[in-house]
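Source file: run26.cif. Holds: mmCIF, C-alpha atoms.
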```cif
data_query
#
loop_
_atom_site.label_atom_id
_atom_site.label_comp_id
_atom_site.auth_asym_id
_atom_site.auth_seq_id
_atom_site.Cartn_x
_atom_site.Cartn_y
_atom_site.Cartn_z
CA TYR A 22 6.87 -16.95 26.01
CA TYR A 23 9.00 -18.77 23.42
CA HIS A 24 6.22 -18.61 20.82
CA PHE A 25 5.49 -14.93 21.53
CA HIS A 26 9.14 -13.95 21.04
CA GLY A 27 9.74 -16.32 18.12
CA LEU A 28 12.32 -18.38 20.00
CA ASP A 29 13.23 -22.03 19.55
CA ARG A 30 12.88 -23.73 22.95
CA HIS A 31 15.35 -26.43 21.91
CA GLN A 32 18.12 -23.82 21.82
CA THR A 33 17.84 -23.28 25.59
CA ASP A 34 21.15 -24.27 27.19
CA ALA A 35 20.63 -23.33 30.85
CA VAL A 36 17.83 -22.74 33.34
CA ILE A 37 18.04 -21.39 36.89
CA ILE A 38 15.16 -21.63 39.37
CA ALA A 39 14.39 -19.78 42.57
CA SER A 40 11.24 -20.82 44.42
CA VAL A 41 9.78 -20.43 47.90
CA VAL A 42 6.82 -22.72 47.06
CA PRO A 43 8.11 -26.31 47.45
CA PRO A 44 4.91 -28.02 46.18
CA VAL A 45 5.38 -26.59 42.66
CA MET A 46 8.95 -27.80 42.26
CA TYR A 47 8.13 -31.30 40.98
CA THR A 48 5.91 -29.92 38.21
CA LEU A 49 8.25 -27.04 37.38
CA VAL A 50 11.43 -29.10 37.17
CA ASN A 51 9.77 -31.84 35.13
CA ALA A 52 8.21 -29.32 32.75
CA ILE A 53 11.62 -27.77 32.11
CA ARG A 54 13.20 -31.17 31.57
CA LYS A 55 10.38 -32.39 29.32
CA TYR A 56 9.92 -29.33 27.12
CA LEU A 57 13.33 -27.64 27.18
CA HIS A 58 15.45 -30.78 27.68
CA VAL A 59 17.65 -29.03 30.22
CA GLN A 60 18.49 -30.00 33.79
CA PRO A 61 17.75 -26.79 35.76
CA LEU A 62 19.88 -25.64 38.65
CA ILE A 63 18.34 -24.41 41.88
CA ALA A 64 19.66 -21.12 43.27
CA GLY A 65 21.01 -21.62 46.76
CA ARG A 66 21.17 -25.39 46.43
CA ASP A 67 23.07 -26.11 43.23
CA VAL A 68 24.71 -22.72 42.76
CA ASP A 69 25.99 -20.22 45.31
CA ILE A 70 23.95 -17.04 45.55
CA GLY A 71 26.98 -15.05 46.64
CA VAL A 72 25.63 -13.12 49.64
CA ARG A 73 26.86 -13.50 53.22
CA ASN A 74 23.78 -14.49 55.19
CA CYS A 75 23.77 -13.34 58.83
CA TYR A 76 20.38 -14.81 59.77
CA ALA A 77 20.41 -16.86 62.99
CA ASN A 78 19.34 -19.83 60.90
CA PRO A 79 20.39 -19.05 57.31
CA ARG A 80 18.11 -21.77 55.90
CA GLU A 81 15.05 -19.82 57.05
CA VAL A 82 15.62 -16.95 54.63
CA GLY A 83 13.56 -17.13 51.45
CA VAL A 84 15.90 -17.52 48.49
CA ASP A 85 14.08 -14.72 46.66
CA ARG A 86 15.16 -12.26 49.35
CA LEU A 87 18.82 -13.14 48.88
CA ILE A 88 18.51 -12.96 45.11
CA ASN A 89 16.97 -9.51 45.40
CA ALA A 90 19.99 -8.51 47.49
CA VAL A 91 22.39 -9.66 44.74
CA SER A 92 20.57 -7.60 42.13
CA ALA A 93 20.04 -4.51 44.28
CA MET A 94 23.67 -4.29 45.39
CA GLU A 95 24.85 -4.56 41.78
CA ARG A 96 22.54 -1.74 40.72
CA TYR A 97 22.33 0.57 43.72
CA GLY A 98 25.35 -0.10 45.93
CA ARG A 99 25.13 -0.51 49.70
CA PRO A 100 23.89 -0.20 52.43
CA LEU A 101 20.40 -0.99 51.23
CA ILE A 102 16.86 -1.62 52.36
CA ILE A 103 14.86 -3.74 49.93
CA VAL A 104 11.07 -3.68 50.27
CA ASP A 105 9.30 -6.42 48.33
CA ILE A 106 5.59 -5.59 48.32
CA GLY A 107 3.47 -8.55 47.31
CA THR A 108 1.43 -11.28 49.02
CA ALA A 109 3.67 -10.60 51.98
CA THR A 110 5.78 -7.49 52.32
CA THR A 111 9.38 -8.19 53.23
CA PHE A 112 12.01 -5.71 54.36
CA ASP A 113 15.63 -6.77 53.83
CA ALA A 114 18.62 -5.00 55.33
CA ILE A 115 22.01 -5.08 53.58
CA ASP A 116 24.85 -3.47 55.50
CA ALA A 117 27.75 -1.41 54.18
CA GLU A 118 29.85 -4.58 53.82
CA GLY A 119 27.24 -6.26 51.63
CA ALA A 120 26.07 -8.76 54.25
CA TYR A 121 22.43 -9.73 54.53
CA GLN A 122 21.53 -8.79 58.10
CA GLY A 123 17.88 -9.87 58.14
CA GLY A 124 14.75 -7.81 58.04
CA ALA A 125 11.03 -7.81 58.71
CA ILE A 126 7.93 -9.51 57.30
CA PHE A 127 4.56 -7.81 57.16
CA PRO A 128 1.19 -8.95 55.70
CA GLY A 129 0.62 -7.81 52.14
CA LEU A 130 -1.99 -5.12 51.60
CA LYS A 131 -4.21 -7.32 49.43
CA VAL A 132 -4.03 -10.12 52.00
CA ALA A 133 -4.96 -7.73 54.79
CA MET A 134 -7.90 -6.31 52.84
CA GLU A 135 -9.15 -9.77 51.94
CA ALA A 136 -9.00 -10.78 55.61
CA LEU A 137 -11.02 -7.67 56.50
CA PHE A 138 -13.66 -8.59 53.93
CA LEU A 139 -13.87 -12.20 55.15
CA LYS A 140 -13.94 -11.43 58.87
CA ALA A 141 -16.13 -8.30 58.95
CA SER A 142 -19.47 -9.28 57.47
CA LYS A 143 -20.67 -5.78 56.54
CA LEU A 144 -17.48 -4.63 54.84
CA PRO A 145 -17.22 -5.09 51.05
CA ARG A 146 -14.28 -5.91 48.85
CA VAL A 147 -12.77 -2.67 47.56
CA ASP A 148 -10.20 -1.60 44.98
CA ILE A 149 -6.90 -0.60 46.52
CA GLU A 150 -6.43 3.11 45.88
CA ARG A 151 -5.90 6.17 48.05
CA PRO A 152 -8.77 8.66 48.28
CA GLU A 153 -7.81 12.31 48.03
CA LYS A 154 -8.88 12.96 51.63
CA ALA A 155 -8.09 10.98 54.75
CA ILE A 156 -11.65 11.36 56.04
CA GLY A 157 -13.79 8.98 54.03
CA LYS A 158 -17.43 9.90 53.36
CA THR A 159 -18.45 6.34 52.44
CA THR A 160 -17.56 2.89 53.71
CA VAL A 161 -15.51 2.22 50.59
CA GLN A 162 -13.59 5.51 50.91
CA SER A 163 -13.01 4.86 54.60
CA MET A 164 -11.62 1.38 53.92
CA GLN A 165 -9.40 2.66 51.12
CA SER A 166 -8.10 5.53 53.19
CA GLY A 167 -7.36 3.33 56.17
CA ALA A 168 -5.77 0.59 54.08
CA VAL A 169 -3.45 2.70 51.94
CA ARG A 170 -2.58 5.37 54.53
CA GLY A 171 -2.15 2.75 57.23
CA TYR A 172 0.09 0.70 54.97
CA VAL A 173 2.22 3.70 54.06
CA GLY A 174 2.52 4.46 57.77
CA ALA A 175 3.73 0.91 58.41
CA LEU A 176 6.25 1.14 55.56
CA THR A 177 7.53 4.46 56.85
CA GLY A 178 7.88 3.24 60.42
CA ILE A 179 9.66 0.00 59.59
CA ILE A 180 12.00 1.61 57.04
CA THR A 181 12.88 4.36 59.55
CA ASP A 182 13.70 1.84 62.28
CA ILE A 183 15.84 -0.29 59.95
CA GLN A 184 17.66 2.84 58.75
CA LYS A 185 18.62 3.59 62.36
CA GLU A 186 19.83 0.05 62.99
CA LEU A 187 21.97 0.10 59.86
CA GLY A 188 23.68 3.15 61.30
CA GLY A 189 23.07 5.66 58.57
CA LYS A 190 21.37 6.46 55.31
CA ALA A 191 20.60 3.33 53.32
CA ARG A 192 19.11 3.52 49.85
CA VAL A 193 15.57 2.11 49.77
CA VAL A 194 14.52 -0.01 46.78
CA ALA A 195 10.97 -1.25 46.26
CA THR A 196 9.96 -4.23 44.15
CA GLY A 197 7.02 -6.62 43.90
CA GLY A 198 3.56 -6.27 42.43
CA MET A 199 2.59 -3.19 44.44
CA GLY A 200 6.03 -1.61 44.71
CA ARG A 201 5.39 1.19 42.23
CA MET A 202 2.03 2.14 43.72
CA MET A 203 3.36 2.33 47.27
CA ALA A 204 6.39 4.31 46.12
CA GLU A 205 4.03 7.06 44.96
CA TYR A 206 2.82 7.50 48.54
CA CYS A 207 5.95 6.68 50.58
CA PRO A 208 8.67 9.33 50.16
CA LEU A 209 11.29 7.13 51.83
CA ILE A 210 11.40 4.83 48.78
CA ASP A 211 14.23 5.93 46.48
CA GLU A 212 13.95 3.45 43.62
CA VAL A 213 11.37 1.09 42.12
CA ASP A 214 12.73 -1.98 40.35
CA PRO A 215 10.07 -4.54 39.33
CA ASN A 216 12.65 -6.89 37.76
CA LEU A 217 14.94 -7.14 40.77
CA THR A 218 14.54 -10.90 41.22
CA LEU A 219 14.91 -11.77 37.54
CA GLU A 220 18.00 -9.59 37.24
CA GLY A 221 19.43 -11.26 40.34
CA LEU A 222 18.96 -14.70 38.76
CA ARG A 223 20.78 -13.49 35.65
CA LEU A 224 23.69 -12.24 37.74
CA ILE A 225 23.92 -15.54 39.62
CA TYR A 226 23.97 -17.36 36.29
CA GLU A 227 26.72 -15.07 34.99
CA ASN A 228 28.78 -15.65 38.15
CA ASN A 229 28.41 -19.44 37.93
CA ARG A 230 28.59 -20.11 34.19
CA GLU A 231 30.74 -23.22 34.58
CA ALA A 232 28.07 -24.91 36.68
CA PHE A 233 25.58 -24.53 33.81
CA GLU A 234 27.72 -26.24 31.20
CA ASN A 235 26.56 -29.56 29.72
CA ARG A 236 23.08 -29.42 31.21
CA LYS A 237 21.27 -30.63 28.06
CA LEU A 238 19.35 -33.87 28.47
CA ASP A 239 18.57 -36.85 26.28
CA MET A 240 15.11 -36.14 24.84
CA ASN A 241 14.01 -39.67 25.79
CA ASN A 242 15.09 -39.49 29.42
CA SER A 243 13.84 -36.23 30.84
CA VAL A 244 11.48 -37.19 33.66
CA ILE A 245 12.51 -37.36 37.31
CA GLU A 246 11.02 -38.39 40.60
CA VAL A 247 10.84 -36.09 43.61
CA THR A 248 10.69 -37.13 47.24
CA GLU A 249 8.84 -35.08 49.83
CA GLU A 250 12.17 -33.74 51.06
CA GLY A 251 12.83 -32.34 47.60
CA ALA A 252 15.78 -34.61 46.76
CA TRP A 253 15.54 -35.40 43.04
CA GLN A 254 16.53 -38.73 41.55
CA GLU A 255 16.51 -39.58 37.88
CA ASN A 256 14.34 -42.44 36.68
CA LYS A 257 16.43 -45.37 35.66
#
```

Render the structure in this file as structure tokens.
Amino acid sequence: YYHFHGLDRHQTDAVIIASVVPPVMYTLVNAIRKYLHVQPLIAGRDVDIGVRNCYANPREVGVDRLINAVSAMERYGRPLIIVDIGTATTFDAIDAEGAYQGGAIFPGLKVAMEALFLKASKLPRVDIERPEKAIGKTTVQSMQSGAVRGYVGALTGIITDIQKELGGKARVVATGGMGRMMAEYCPLIDEVDPNLTLEGLRLIYENNREAFENRKLDMNNSVIEVTEEGAWQENK
């Protein structure tokens, strides 16, 4: 990225990380320290995300979902329903006061189709696209029709139920790798914003600038150790 854009990596002053994959954190943090010589801050641990979390156990909420809420509220107001369509599809409900109320989690379309291929021996892998007609004339068309139309039906049903529970008309924002495609078929989606998470990280950085001051590291002392619990300690 730095090379492509002609940037000097040594001029990086601050890094913020949001991850829901704990096993990559050791490698990611050490790579940032080694090559950028910056101590990164972890959203939700080192810096406040800035969203009131009403989950029964707030620690269970993926940090990416809260970061999406920060970005979406800044851009689209509230109340909101955020639909992140990727490996899993998450639905996040933000009430009129800006509080994160929770949501729903649904298998991603690609995951569901891969499971169908693995578990049903005669069914092939297929590209994810919607045939013109609901009645498929081949196995591939039938799988595509069922997958895409069934998924749109699930999106519509869950969004409609969340709308009712929020007590009125909430704007619906889609993000994630398949957000734009599903928005073409689901009329309840109002906006598509593929950069929702990245924009949310930028906003959190802007709101916590003081925490990012003086994060540059000595070039000769940039490697850390990580325990299984994720508590980082500098090598002495």

Check the smallest atom-to-atom distance from each of A:Ala35, A:Gln122, A:Arg30, A:Ile70 to Ile225 (chain A) using only C-alpha atoms, then report the winner. A:Ile70

Would you please work out which residue, of A:Lys55, A:Arg99, A:Arg73, A:His24, is nearest to Ala191 (chain A) when using all atoms listed in the file?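 Selected residue with least distance to Ala191 (chain A): A:Arg99.
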
Which residue gives the smallest distance to Arg201 (chain A) among A:Gly107, A:Leu87, A:Pro100, A:Leu187, with only C-alpha atoms counted? A:Gly107

Go through A:Ile149, A:Val72, A:Ile38, A:Ile88 one by one, measure the shortest atom-to-atom distance of each to Met164 (chain A) using only C-alpha atoms, and give the residue with the smallest value.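 Distance minimum relative to Met164 (chain A) lands on A:Ile149.
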
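Atom to atom, CA of Asn229 (chain A) and CA of Ala90 (chain A) stand 16.8 Å apart.
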